[in-house]
file protein.txt (compact mmCIF, C-alpha atoms and all ligand atoms)
# COMPACT_ATOMS: atom_id res chain seq x y z
CA MET X 360 -4.42 -13.13 -18.00
CA SER X 361 -1.68 -10.51 -17.96
CA LYS X 362 -2.31 -7.13 -16.33
CA PRO X 363 -1.69 -3.78 -18.07
CA ILE X 364 1.41 -2.06 -16.67
CA PRO X 365 0.62 1.38 -15.20
CA THR X 366 2.59 4.37 -16.48
CA TYR X 367 4.60 6.94 -14.49
CA GLU X 368 4.76 10.19 -16.47
CA LYS X 369 7.22 12.45 -14.63
CA ASP X 370 10.95 12.89 -15.24
CA PHE X 371 12.51 10.73 -12.53
CA TYR X 372 15.74 12.75 -12.93
CA SER X 373 14.20 16.22 -12.63
CA GLU X 374 15.51 18.47 -9.86
CA ASP X 375 12.16 18.30 -8.05
CA VAL X 376 12.11 14.53 -7.92
CA ILE X 377 15.78 14.30 -6.87
CA ARG X 378 15.26 16.80 -4.05
CA ASP X 379 12.02 15.28 -2.76
CA PRO X 380 11.77 11.70 -4.07
CA TYR X 381 9.73 10.03 -1.33
CA PRO X 382 6.24 11.23 -2.38
CA GLU X 383 7.12 10.00 -5.91
CA TYR X 384 8.14 6.56 -4.68
CA GLU X 385 4.88 6.36 -2.73
CA LEU X 386 2.94 7.29 -5.85
CA MET X 387 4.82 4.70 -7.89
CA ARG X 388 4.27 1.96 -5.28
CA GLY X 389 0.58 2.91 -5.33
CA LEU X 390 0.52 2.33 -9.11
CA GLY X 391 1.86 -1.21 -8.64
CA PRO X 392 4.95 -3.40 -8.17
CA VAL X 393 5.89 -2.80 -11.83
CA VAL X 394 5.45 0.56 -13.57
CA TYR X 395 6.42 1.86 -16.99
CA LEU X 396 8.60 5.00 -16.95
CA LYS X 397 7.34 6.82 -20.00
CA LYS X 398 10.15 9.40 -20.19
CA LEU X 399 12.83 6.70 -20.06
CA GLY X 400 11.11 3.95 -22.03
CA ALA X 401 12.02 1.59 -19.18
CA TYR X 402 10.23 -0.34 -16.45
CA ALA X 403 10.65 0.23 -12.71
CA PHE X 404 10.20 -2.24 -9.87
CA THR X 405 8.85 -0.31 -6.92
CA HIS X 406 7.78 -2.81 -4.21
CA TYR X 407 10.09 -4.69 -1.86
CA GLU X 408 8.94 -7.99 -3.32
CA SER X 409 9.53 -7.04 -6.96
CA VAL X 410 12.96 -5.50 -6.31
CA LYS X 411 14.09 -8.51 -4.28
CA TYR X 412 12.74 -10.88 -6.96
CA ALA X 413 14.98 -9.24 -9.56
CA LEU X 414 18.02 -9.18 -7.26
CA GLN X 415 17.58 -12.89 -6.52
CA ASN X 416 17.35 -13.83 -10.19
CA HIS X 417 20.58 -12.56 -11.70
CA ARG X 418 20.36 -14.94 -14.67
CA ILE X 419 17.07 -13.36 -15.76
CA PHE X 420 17.84 -9.76 -14.73
CA ILE X 421 21.33 -9.34 -16.09
CA ASN X 422 23.95 -6.65 -15.39
CA SER X 423 26.32 -7.07 -18.34
CA ASN X 424 24.25 -4.69 -20.52
CA GLY X 425 25.09 -1.98 -17.97
CA VAL X 426 23.13 -0.69 -14.98
CA ALA X 427 22.57 2.99 -15.87
CA ALA X 428 19.07 4.21 -16.74
CA ASP X 429 19.96 4.92 -20.39
CA ASP X 430 21.90 3.13 -23.10
CA PHE X 431 24.76 5.63 -23.31
CA GLY X 432 25.56 5.49 -19.57
CA SER X 433 25.13 1.74 -19.55
CA SER X 434 27.64 1.12 -22.31
CA PHE X 435 30.02 3.88 -21.18
CA LEU X 436 30.42 2.25 -17.76
CA LYS X 437 30.34 -1.36 -18.98
CA GLY X 438 32.94 -3.79 -17.73
CA ASN X 439 33.06 -2.88 -14.05
CA ILE X 440 32.09 -5.40 -11.39
CA LEU X 441 28.50 -4.18 -11.08
CA SER X 442 28.10 -4.26 -14.88
CA SER X 443 29.16 -7.88 -15.18
CA ASP X 444 27.56 -11.30 -14.91
CA PRO X 445 29.08 -14.63 -13.87
CA PRO X 446 31.63 -16.01 -14.60
CA VAL X 447 33.43 -12.64 -15.11
CA HIS X 448 31.62 -11.18 -12.08
CA SER X 449 32.78 -14.03 -9.83
CA GLU X 450 36.41 -13.57 -10.94
CA LEU X 451 36.32 -9.80 -10.33
CA ARG X 452 34.61 -10.15 -6.96
CA LYS X 453 37.03 -12.85 -5.78
CA ALA X 454 39.99 -10.61 -6.63
CA MET X 455 38.49 -7.43 -5.23
CA ALA X 456 36.78 -8.49 -2.00
CA PRO X 457 39.46 -9.78 0.44
CA PRO X 458 40.65 -6.39 1.83
CA LEU X 459 37.01 -5.38 2.40
CA MET X 460 36.07 -8.45 4.42
CA PRO X 461 35.67 -8.30 8.24
CA LYS X 462 38.88 -10.27 8.88
CA SER X 463 41.01 -7.73 6.97
CA LEU X 464 39.12 -4.76 8.40
CA LYS X 465 40.00 -5.92 11.94
CA LEU X 466 43.54 -4.72 11.14
CA ILE X 467 42.39 -1.12 10.69
CA GLU X 468 39.72 -1.04 13.41
CA THR X 469 41.82 0.75 16.04
CA ARG X 470 42.95 3.33 13.52
CA VAL X 471 39.35 4.02 12.44
CA GLU X 472 38.25 4.26 16.08
CA GLU X 473 41.04 6.67 17.06
CA PHE X 474 40.41 8.90 14.08
CA ALA X 475 36.66 8.95 14.78
CA VAL X 476 37.36 10.11 18.35
CA LYS X 477 39.63 12.86 16.99
CA ILE X 478 36.87 14.13 14.67
CA ILE X 479 34.24 14.21 17.42
CA ASN X 480 36.67 15.83 19.93
CA LYS X 481 37.10 18.66 17.46
CA LEU X 482 33.43 19.10 16.57
CA ILE X 483 32.20 19.09 20.17
CA LEU X 484 34.18 22.28 20.74
CA LYS X 485 32.45 24.05 17.83
CA GLN X 486 29.61 25.46 19.83
CA ASP X 487 28.67 27.86 17.02
CA GLY X 488 27.94 24.79 14.93
CA PHE X 489 29.40 23.11 11.86
CA ASP X 490 28.31 21.70 8.49
CA VAL X 491 27.89 17.92 8.72
CA MET X 492 28.52 17.54 4.99
CA LYS X 493 31.86 19.36 5.13
CA GLU X 494 33.26 18.83 8.59
CA LEU X 495 31.91 15.45 9.64
CA ALA X 496 30.55 13.08 6.96
CA PRO X 497 33.49 13.11 4.49
CA ILE X 498 36.37 13.28 7.00
CA LEU X 499 36.65 9.66 8.15
CA PRO X 500 36.06 8.03 4.71
CA LEU X 501 38.57 10.42 3.13
CA GLU X 502 41.23 9.72 5.78
CA ILE X 503 40.83 5.94 5.86
CA VAL X 504 39.57 4.75 2.45
CA ARG X 505 41.67 7.11 0.39
CA ASP X 506 44.77 5.90 2.18
CA MET X 507 43.81 2.20 2.04
CA ILE X 508 43.30 2.29 -1.73
CA GLY X 509 46.67 3.95 -2.13
CA LEU X 510 46.23 6.01 -5.33
CA PRO X 511 48.92 8.57 -6.25
CA GLU X 512 48.25 12.17 -5.15
CA PHE X 513 46.28 13.29 -8.26
CA GLY X 514 43.93 10.34 -7.81
CA LYS X 515 43.45 10.97 -4.10
CA ARG X 516 42.59 14.60 -4.80
CA ASN X 517 40.03 13.72 -7.46
CA MET X 518 38.30 10.68 -5.96
CA LEU X 519 35.26 12.61 -4.78
CA ASN X 520 34.79 14.36 -8.14
CA TRP X 521 35.07 11.05 -9.96
CA ALA X 522 32.59 9.37 -7.62
CA ASP X 523 30.08 12.17 -8.16
CA ALA X 524 30.61 11.83 -11.93
CA ALA X 525 30.16 8.05 -12.00
CA PHE X 526 26.93 8.23 -10.01
CA ASN X 527 25.59 10.91 -12.36
CA ILE X 528 26.36 8.83 -15.47
CA LEU X 529 24.61 5.88 -13.79
CA GLY X 530 21.39 7.90 -14.15
CA ILE X 531 20.83 9.48 -17.56
CA GLN X 532 22.77 11.85 -19.79
CA ASN X 533 21.15 15.10 -18.62
CA SER X 534 23.61 17.95 -17.95
CA ARG X 535 24.88 16.19 -14.81
CA GLY X 536 25.44 12.93 -16.70
CA GLN X 537 27.20 14.69 -19.60
CA ASP X 538 29.52 16.53 -17.24
CA GLY X 539 30.31 13.17 -15.63
CA VAL X 540 31.59 11.71 -18.91
CA ARG X 541 34.44 14.25 -19.07
CA LYS X 542 35.53 13.49 -15.52
CA ILE X 543 35.36 9.71 -15.90
CA THR X 544 37.41 9.95 -19.12
CA GLU X 545 40.03 11.82 -17.08
CA MET X 546 39.91 9.10 -14.39
CA ARG X 547 40.37 6.31 -16.92
CA GLN X 548 43.32 8.03 -18.58
CA PHE X 549 44.90 8.48 -15.17
CA ILE X 550 44.29 4.89 -13.98
CA GLU X 551 45.36 3.33 -17.25
CA GLY X 552 48.31 5.63 -17.97
CA LYS X 553 49.72 7.08 -14.78
CA ILE X 554 49.66 4.38 -12.11
CA THR X 555 52.90 2.50 -11.58
CA ARG X 556 54.23 0.30 -8.77
CA GLU X 557 56.47 3.20 -7.76
CA ASN X 558 53.79 5.86 -7.22
CA ILE X 559 51.18 3.87 -5.28
CA ARG X 560 51.16 3.33 -1.53
CA LYS X 561 53.00 0.17 -0.52
CA GLY X 562 50.68 -2.15 1.38
CA GLY X 563 47.53 -0.53 -0.09
CA TRP X 564 44.75 -2.28 -2.00
CA ILE X 565 46.22 -1.37 -5.42
CA ASP X 566 49.64 -2.62 -4.35
CA ARG X 567 47.95 -5.92 -3.49
CA LEU X 568 46.58 -6.12 -7.06
CA PHE X 569 50.08 -5.60 -8.50
CA ILE X 570 51.41 -8.39 -6.28
CA MET X 571 48.61 -10.67 -7.49
CA LEU X 572 49.56 -9.75 -11.06
CA GLU X 573 53.19 -10.75 -10.46
CA ASN X 574 51.98 -14.08 -9.09
CA ASP X 575 49.60 -14.68 -12.02
CA GLU X 576 46.63 -14.59 -9.64
CA ILE X 577 44.68 -11.98 -11.58
CA LYS X 578 44.05 -11.26 -15.26
CA PRO X 579 45.94 -8.10 -16.36
CA GLU X 580 42.74 -6.57 -17.83
CA HIS X 581 41.01 -6.90 -14.44
CA VAL X 582 43.52 -4.65 -12.62
CA PRO X 583 42.30 -1.23 -13.93
CA ILE X 584 38.68 -2.37 -13.54
CA ILE X 585 39.17 -3.19 -9.87
CA ILE X 586 41.11 0.02 -9.23
CA ARG X 587 38.07 1.90 -10.62
CA ASP X 588 35.74 -0.21 -8.49
CA TYR X 589 37.69 0.68 -5.33
CA THR X 590 37.77 4.34 -6.35
CA THR X 591 34.24 5.38 -7.33
CA PRO X 592 31.77 3.69 -4.93
CA SER X 593 33.76 3.85 -1.70
CA LEU X 594 33.34 7.45 -0.55
CA ASP X 595 30.12 9.21 -1.61
CA THR X 596 27.93 6.29 -0.52
CA THR X 597 29.26 6.33 3.05
CA ILE X 598 29.32 10.13 3.16
CA SER X 599 25.65 10.15 2.21
CA ALA X 600 24.83 7.52 4.82
CA ILE X 601 26.62 9.40 7.62
CA GLY X 602 24.74 12.62 6.79
CA HIS X 603 21.35 10.88 6.97
CA LEU X 604 22.28 9.05 10.16
CA ILE X 605 23.08 12.33 11.93
CA TRP X 606 19.85 13.82 10.61
CA HIS X 607 17.61 10.95 11.78
CA LEU X 608 19.22 10.76 15.22
CA SER X 609 18.81 14.53 15.64
CA GLN X 610 15.13 14.25 14.72
CA ASN X 611 14.60 11.36 17.15
CA PRO X 612 16.34 12.37 20.40
CA ASP X 613 14.71 9.53 22.38
CA GLN X 614 16.35 7.02 20.05
CA TRP X 615 19.69 8.79 20.30
CA ASP X 616 19.40 8.43 24.09
CA GLU X 617 18.68 4.74 23.60
CA VAL X 618 21.82 4.33 21.47
CA ARG X 619 23.94 6.27 23.96
CA ASN X 620 22.73 4.08 26.81
CA ASP X 621 22.99 0.80 24.94
CA LYS X 622 25.85 0.72 22.45
CA SER X 623 24.68 -2.62 21.08
CA LYS X 624 22.03 -0.53 19.27
CA ILE X 625 24.61 1.36 17.19
CA GLU X 626 24.37 -1.07 14.25
CA LEU X 627 20.57 -1.07 14.41
CA ALA X 628 20.56 2.72 14.09
CA ILE X 629 22.90 2.55 11.08
CA SER X 630 20.80 -0.10 9.38
CA GLU X 631 17.55 1.77 10.01
CA SER X 632 19.00 4.99 8.62
CA ILE X 633 20.17 3.23 5.44
CA ARG X 634 16.69 1.72 5.06
CA LEU X 635 14.90 5.02 5.56
CA SER X 636 17.25 7.20 3.47
CA SER X 637 18.94 4.79 1.11
CA PRO X 638 22.07 6.44 -0.37
CA ILE X 639 21.64 4.67 -3.73
CA ARG X 640 18.20 5.35 -5.17
CA SER X 641 18.29 2.74 -7.93
CA PHE X 642 20.28 0.80 -10.50
CA CYS X 643 19.01 -1.01 -13.59
CA ARG X 644 19.06 -4.49 -15.04
CA THR X 645 18.14 -5.92 -18.48
CA THR X 646 15.72 -8.82 -18.90
CA ALA X 647 17.47 -11.79 -20.55
CA VAL X 648 14.15 -13.48 -21.46
CA ASP X 649 10.45 -12.57 -21.55
CA ILE X 650 9.29 -12.47 -17.94
CA GLU X 651 6.03 -12.51 -16.05
CA PHE X 652 5.90 -11.19 -12.48
CA GLN X 653 2.57 -11.15 -10.62
CA SER X 654 0.81 -11.23 -14.03
CA TYR X 655 2.79 -8.26 -15.39
CA LYS X 656 4.58 -9.20 -18.62
CA ILE X 657 7.91 -7.62 -19.58
CA PRO X 658 9.59 -8.50 -22.89
CA GLU X 659 13.16 -9.75 -23.27
CA GLY X 660 15.76 -6.97 -23.64
CA SER X 661 13.87 -4.43 -21.49
CA LYS X 662 15.57 -2.12 -19.05
CA VAL X 663 14.23 -2.52 -15.52
CA MET X 664 15.03 0.02 -12.82
CA LEU X 665 15.27 -1.43 -9.31
CA LEU X 666 14.16 1.21 -6.84
CA PHE X 667 16.01 0.22 -3.66
CA ALA X 668 14.90 3.43 -1.91
CA SER X 669 11.23 2.77 -2.66
CA ALA X 670 11.39 -0.93 -1.72
CA ASN X 671 12.82 0.10 1.65
CA ARG X 672 9.68 2.12 2.41
CA ASP X 673 7.19 -0.58 1.43
CA ASP X 674 4.66 -0.88 4.25
CA ARG X 675 3.98 -4.53 3.41
CA ILE X 676 7.41 -5.25 4.93
CA PHE X 677 8.15 -2.22 7.12
CA PRO X 678 5.13 -1.05 9.17
CA GLU X 679 5.01 2.78 9.45
CA PRO X 680 7.74 2.89 6.81
CA ASP X 681 8.42 6.63 7.01
CA ARG X 682 9.24 6.47 10.70
CA PHE X 683 12.82 6.10 12.00
CA ASN X 684 12.62 3.18 14.41
CA ILE X 685 15.81 1.43 15.48
CA ASN X 686 13.79 -1.34 17.16
CA ARG X 687 12.10 -2.72 14.04
CA LEU X 688 11.56 -6.46 13.96
CA THR X 689 12.54 -6.61 10.27
CA ASN X 690 15.79 -5.03 9.32
CA ASP X 691 16.13 -6.89 6.08
CA HIS X 692 16.41 -3.78 3.91
CA LEU X 693 17.79 -3.58 0.36
CA GLY X 694 19.93 -0.45 0.88
CA PHE X 695 23.08 -2.51 0.25
CA GLY X 696 21.35 -4.57 -2.46
CA TYR X 697 20.89 -8.33 -2.27
CA GLY X 698 22.19 -11.45 -4.03
CA ILE X 699 25.44 -11.77 -5.96
CA HIS X 700 25.94 -8.01 -6.43
CA MET X 701 25.28 -7.12 -2.78
CA CYS X 702 27.57 -4.31 -1.69
CA VAL X 703 31.12 -5.57 -1.28
CA GLY X 704 32.07 -2.50 0.80
CA LYS X 705 29.22 -2.88 3.30
CA HIS X 706 31.42 -4.00 6.21
CA LEU X 707 33.79 -1.09 5.67
CA ALA X 708 30.93 1.43 5.58
CA ILE X 709 29.39 -0.03 8.74
CA LEU X 710 32.76 -0.01 10.50
CA GLU X 711 33.30 3.67 9.75
CA MET X 712 29.79 4.65 10.78
CA SER X 713 29.87 2.53 13.97
CA LYS X 714 33.09 4.09 15.17
CA LEU X 715 31.73 7.58 14.57
CA LEU X 716 28.57 6.80 16.55
CA LEU X 717 30.60 5.18 19.30
CA ALA X 718 32.75 8.31 19.66
CA MET X 719 29.62 10.49 19.62
CA SER X 720 27.84 8.32 22.18
CA ASN X 721 30.62 8.98 24.69
CA GLN X 722 30.50 12.75 24.28
CA VAL X 723 27.31 14.07 22.67
CA LYS X 724 24.13 14.47 24.72
CA THR X 725 21.97 16.09 22.04
CA ILE X 726 22.39 16.44 18.29
CA ARG X 727 20.86 19.60 16.84
CA THR X 728 20.51 20.00 13.07
CA TYR X 729 19.27 22.85 10.88
CA ASN X 730 18.87 23.77 7.20
CA PRO X 731 19.03 20.39 5.44
CA ARG X 732 19.53 20.78 1.68
CA ILE X 733 19.62 17.85 -0.76
CA TYR X 734 22.45 17.66 -3.30
CA LEU X 735 21.70 17.15 -6.99
CA ASN X 736 23.05 13.82 -8.19
CA ASN X 737 21.31 11.36 -10.49
CA THR X 738 21.88 8.31 -8.27
CA ILE X 739 23.12 9.27 -4.81
CA TYR X 740 20.61 10.73 -2.38
CA ARG X 741 22.57 12.91 0.03
CA PHE X 742 22.62 16.25 1.75
CA GLU X 743 24.60 19.06 0.21
CA GLU X 744 24.46 20.98 3.45
CA LEU X 745 23.32 20.14 6.98
CA SER X 746 24.16 22.52 9.80
CA ALA X 747 24.57 20.96 13.22
CA ARG X 748 25.66 21.49 16.79
CA PHE X 749 26.60 18.81 19.31
CA VAL X 750 25.50 19.52 22.88
CA PRO X 751 28.14 17.87 25.06
CA ILE X 752 27.21 15.37 27.79
CA ASN X 753 28.68 17.67 30.38
CA GLU X 754 27.80 20.99 28.85
CA ASN X 755 28.84 23.11 31.85
CA GLU X 756 32.35 21.72 31.84
CA ILE X 757 32.83 22.55 28.16
CA ASP X 758 31.27 26.00 28.58
CA LYS X 759 33.77 27.04 31.26
C1 LIG Z 801 26.69 3.13 3.21
C2 LIG Z 801 27.48 2.94 2.17
C3 LIG Z 801 27.13 2.12 0.96
C4 LIG Z 801 25.90 1.85 0.39
C5 LIG Z 801 24.54 2.29 0.88
C6 LIG Z 801 26.14 1.01 -0.78
C7 LIG Z 801 25.13 0.49 -1.60
C8 LIG Z 801 25.34 -0.46 -2.56
C9 LIG Z 801 24.29 -1.14 -3.30
C10 LIG Z 801 22.81 -0.85 -3.18
C11 LIG Z 801 24.89 -2.03 -4.13
C12 LIG Z 801 24.20 -3.05 -5.03
C13 LIG Z 801 23.85 -2.48 -6.35
C14 LIG Z 801 23.07 -3.44 -7.24
O1 LIG Z 801 22.90 -4.62 -6.98
O2 LIG Z 801 22.63 -2.92 -8.29
C15 LIG Z 801 26.32 -1.90 -3.97
C16 LIG Z 801 27.27 -2.60 -4.68
C17 LIG Z 801 28.62 -2.31 -4.62
N1 LIG Z 801 29.28 -1.53 -3.70
FE1 LIG Z 801 28.39 -0.46 -2.23
N2 LIG Z 801 27.50 0.82 -0.91
C18 LIG Z 801 28.14 1.46 0.13
C19 LIG Z 801 29.50 1.49 0.38
C20 LIG Z 801 30.46 0.93 -0.43
C21 LIG Z 801 31.88 0.98 -0.18
C22 LIG Z 801 32.55 1.62 1.04
C23 LIG Z 801 32.48 0.33 -1.20
C24 LIG Z 801 33.98 0.15 -1.30
C25 LIG Z 801 34.65 -0.25 -2.30
C26 LIG Z 801 31.43 -0.16 -2.11
C27 LIG Z 801 31.61 -0.86 -3.29
C28 LIG Z 801 30.61 -1.51 -3.99
C29 LIG Z 801 30.85 -2.34 -5.17
C30 LIG Z 801 32.19 -2.58 -5.85
C31 LIG Z 801 29.61 -2.87 -5.55
C32 LIG Z 801 29.31 -3.81 -6.71
C33 LIG Z 801 29.38 -5.22 -6.19
C34 LIG Z 801 29.10 -6.30 -7.20
O3 LIG Z 801 28.65 -6.00 -8.31
O4 LIG Z 801 29.36 -7.47 -6.87
N3 LIG Z 801 30.22 0.22 -1.59
N4 LIG Z 801 26.58 -0.95 -2.99

call {"tool": "encode", "arguments": {"input": "protein.txt", "output": "C-alpha cells"}}
result
Amino acid sequence: MSKPIPTYEKDFYSEDVIRDPYPEYELMRGLGPVVYLKKLGAYAFTHYESVKYALQNHRIFINSNGVAADDFGSSFLKGNILSSDPPVHSELRKAMAPPLMPKSLKLIETRVEEFAVKIINKLILKQDGFDVMKELAPILPLEIVRDMIGLPEFGKRNMLNWADAAFNILGIQNSRGQDGVRKITEMRQFIEGKITRENIRKGGWIDRLFIMLENDEIKPEHVPIIIRDYTTPSLDTTISAIGHLIWHLSQNPDQWDEVRNDKSKIELAISESIRLSSPIRSFCRTTAVDIEFQSYKIPEGSKVMLLFASANRDDRIFPEPDRFNINRLTNDHLGFGYGIHMCVGKHLAILEMSKLLLAMSNQVKTIRTYNPRIYLNNTIYRFEELSARFVPINENEIDK
C-alpha cells in the first residue's frame, strides 16, 4: 500500500526561509522523508536516507533535465556538468577534473599556505575587528582560484557576480533569479566571444583546455561549458564555508582549543562545519521512471529537490544534529553531494580552508564574532556580514 505524501505549504524561497532555514528543514523532516512542495509543484527529499538514495541512483534521478527548482532555470542552465548524465557527464568530468585533483593541488600547496599566513598576519593586527565576509572569507579563494582559472581581466572582476547569479537561477525565477539571467547572459557572451589563447593566463586551467583542443583531446563544444563550470561554483561555495567555519569555532571555544592543540583535527572541523551549515541548500533531479521509496510513490517526470542541508541534520545519522562537534563518529555528510556528481572541487576547497585554519591555529587564541547576518541567495547559504576579532596567542606582545 502506498502512503500519501505530506504537503509543505510555505514558499521555500521566501526571505524568511532563506534567512532562517533550519526550523523549516526540521518541520519538513518531521513530515516525512518525501514531501510535496505545494508552491513549486515539486517533491523534496528531506531525510539523509532519501537524499542519499537519489544521489546513488543517477539513472533513476537524472540531471539532464536541469537541476534548478523550476523549469525556466533548469533549461536556462542546461548543458553544464551538473546538468548532464552519462556518457556526456563522464566526458566533461574527465576533461575538467585533473587540475582539481590532490596530485595537481600539491603544486600550489605552498603558495596557498603562504598566502593564508599573510591574510591572518594582517587580520591579527586589526584589534578593532574586521568583517569576515569582506576581509577574510573571499580573500584566499579570490587570490588562488581566480588566478588558477586564468580568465581575462573582465572575467576575473565579474566572477563573484556571475557565481551569485548562477546560484540564484538554480532556485526559482523570483526577482533574484530574474536578475541572475541578465548576468549569466553577459557571462556567456564573454566566454563564447571574448576569450582567446592570447588573453588568458598561460599555464592556467583554461589554457590547459586550449592545449587539449589542439591535441584533439576534448570536443570543441565542451570547452566553453568547462570554462563556465570552473567559473561559477568555485568561489561562493568556499567563501560561504569559510564564514560558517569561523562562526562555529567562535561559538565553540573549547573545540577551537582542541584544533589549536591538535592540528590533525583541522579537517574534522572543516567537515563538521560543512555538515552543520551546508553551503548548498539543495539541487533538483527529475525522475526517469515511476518510483516508489519507502512506500511513497512519485510519478515519472517529477522534479525532486534534494535537501542536502536538511539531510545533514538528520538525527537518525547525526546524534544531536544541531550541535557543532568535531569528534563525531560519523562524518559521512552530504554537503559535497555523493555519487557521480560529487563535488569535483572538494579537495581545492578543503585545501584552502585547511591552510587558513593552520595559519590561525599558530596565531589566534580566541575567535570573537558578532552581528551575523545571512545573505539572500536562492541556493547558497552564507553570511552577508560577520564581524570578528582575533585575540592573539600572545596578546600582551601584540598590544605593546
Ligand atoms: C566548500 C565548498 C564547496 C561545497 C560545499 C560544494 C558543494 C557541492 C555539491 C553539494 C555538489 C553536488 C551537487 C549535486 O549532486 O547536485 C557539488 C558539485 C560540483 N562542484 Fe562543488 N562545492 C564546493 C566547492 C567547489 C569548488 C571549489 C569547485 C571548483 C571548480 C566546485 C565545482 C563543482 C562542480 C563542477 C560540481 C558538479 C560536479 C558534477 O556534476 O560532476 N565546487 N559541489

call {"tool": "closest_residue", "arguments": {"input": "protein.txt", "among": "X:Glu368, X:Glu545, X:Asp595, X:Glu617", "to": "ligand LIG 801 (chain Z)", "atoms": "all atoms listed in the file"}}
result
X:Asp595

call {"tool": "residues_near_ligand", "arguments": {"input": "protein.txt", "ligand": "ligand LIG 801 (chain Z)", "cutoff": "6 Å", "atoms": "only C-alpha atoms and all ligand atoms", "output": "PyMOL selection string"}}
result
chain X and resi 440-441+452+588-589+592-593+596-597+600+638-639+642+694-696+699-705+707-708

call {"tool": "closest_residue", "arguments": {"input": "protein.txt", "among": "X:Trp521, X:Lys542, X:Asn686, X:Arg560", "to": "Ser623 (chain X)", "atoms": "all atoms listed in the file"}}
result
X:Asn686

call {"tool": "closest_residue", "arguments": {"input": "protein.txt", "among": "X:Tyr395, X:Phe435, X:Trp564, X:Trp606", "to": "Lys656 (chain X)", "atoms": "all atoms listed in the file"}}
result
X:Tyr395

call {"tool": "residues_around", "arguments": {"input": "protein.txt", "residues": "Glu473 (chain X)", "least_positions_apart": "3", "cutoff": "10 Å", "atoms": "all atoms listed in the file", "output": "MDAnalysis selection string"}}
result
chainID X and resid 468:470 476:478 714:715 718

call {"tool": "closest_residue", "arguments": {"input": "protein.txt", "among": "X:Asp375, X:Asp691, X:Glu573, X:Asp523", "to": "Tyr407 (chain X)", "atoms": "only C-alpha atoms"}}
result
X:Asp691

call {"tool": "closest_atom_pairs", "arguments": {"input": "protein.txt", "of": "region 593-635 of chain X", "to": "region 728-745 of chain X", "cutoff": "7 Å", "atoms": "only C-alpha atoms", "output": "JSON lines"}}
result
{"residue": "X:Ser599", "atom": "CA", "partner": "X:Arg741", "partner_atom": "CA", "distance": 4.7}
{"residue": "X:Gly602", "atom": "CA", "partner": "X:Phe742", "partner_atom": "CA", "distance": 6.6}
{"residue": "X:Trp606", "atom": "CA", "partner": "X:Thr728", "partner_atom": "CA", "distance": 6.7}
{"residue": "X:Ser609", "atom": "CA", "partner": "X:Thr728", "partner_atom": "CA", "distance": 6.3}

call {"tool": "closest_residue", "arguments": {"input": "protein.txt", "among": "X:Lys398, X:Arg672, X:His581, X:Lys662", "to": "Ile419 (chain X)", "atoms": "all atoms listed in the file"}}
result
X:Lys662

call {"tool": "atom_distance", "arguments": {"input": "protein.txt", "atom1": "CA of Pro497 (chain X)", "atom2": "CA of Leu594 (chain X)"}}
result
7.6 Å

call {"tool": "closest_residue", "arguments": {"input": "protein.txt", "among": "X:Asn422, X:Asp490, X:Val750, X:Val447", "to": "Lys578 (chain X)", "atoms": "all atoms listed in the file"}}
result
X:Val447

call {"tool": "residues_around", "arguments": {"input": "protein.txt", "residues": "Tyr655 (chain X)", "least_positions_apart": "2", "cutoff": "6 Å", "atoms": "all atoms listed in the file", "output": "PyMOL selection string"}}
result
chain X and resi 361-362+651-653

call {"tool": "atom_distance", "arguments": {"input": "protein.txt", "atom1": "CA of Ala456 (chain X)", "atom2": "CA of Glu408 (chain X)"}}
result
27.9 Å

call {"tool": "atom_distance", "arguments": {"input": "protein.txt", "atom1": "CA of Ser443 (chain X)", "atom2": "CA of Val394 (chain X)"}}
result
25.2 Å

call {"tool": "decode", "arguments": {"input": "protein.txt", "residues": "region 602-612 of chain X", "atoms": "N, CA and C atoms", "output": "CSV table (one decimal), in the first residue's frame"}}
result
chain,number,residue,atom,x,y,z
X,602,GLY,N,33.1,31.3,6.1
X,602,GLY,CA,32.3,32.1,7.0
X,602,GLY,C,31.7,31.3,8.1
X,603,HIS,N,31.1,30.2,7.7
X,603,HIS,CA,30.5,29.3,8.8
X,603,HIS,C,31.5,28.7,9.7
X,604,LEU,N,32.6,28.3,9.1
X,604,LEU,CA,33.7,27.7,9.9
X,604,LEU,C,34.1,28.6,11.0
X,605,ILE,N,34.4,29.9,10.7
X,605,ILE,CA,34.8,30.9,11.7
X,605,ILE,C,33.7,31.0,12.7
X,606,TRP,N,32.5,31.1,12.3
X,606,TRP,CA,31.3,31.3,13.2
X,606,TRP,C,31.3,30.1,14.2
X,607,HIS,N,31.3,28.9,13.7
X,607,HIS,CA,31.2,27.7,14.6
X,607,HIS,C,32.3,27.6,15.6
X,608,LEU,N,33.5,27.9,15.1
X,608,LEU,CA,34.7,27.8,16.0
X,608,LEU,C,34.6,28.9,17.1
X,609,SER,N,34.1,30.1,16.7
X,609,SER,CA,34.0,31.2,17.7
X,609,SER,C,32.9,30.8,18.7
X,610,GLN,N,31.9,30.1,18.3
X,610,GLN,CA,30.8,29.7,19.2
X,610,GLN,C,31.2,28.5,20.1
X,611,ASN,N,32.3,27.8,19.8
X,611,ASN,CA,32.7,26.6,20.5
X,611,ASN,C,34.2,26.7,20.8
X,612,PRO,N,34.5,27.6,21.7
X,612,PRO,CA,35.9,27.9,22.0
X,612,PRO,C,36.7,26.7,22.5
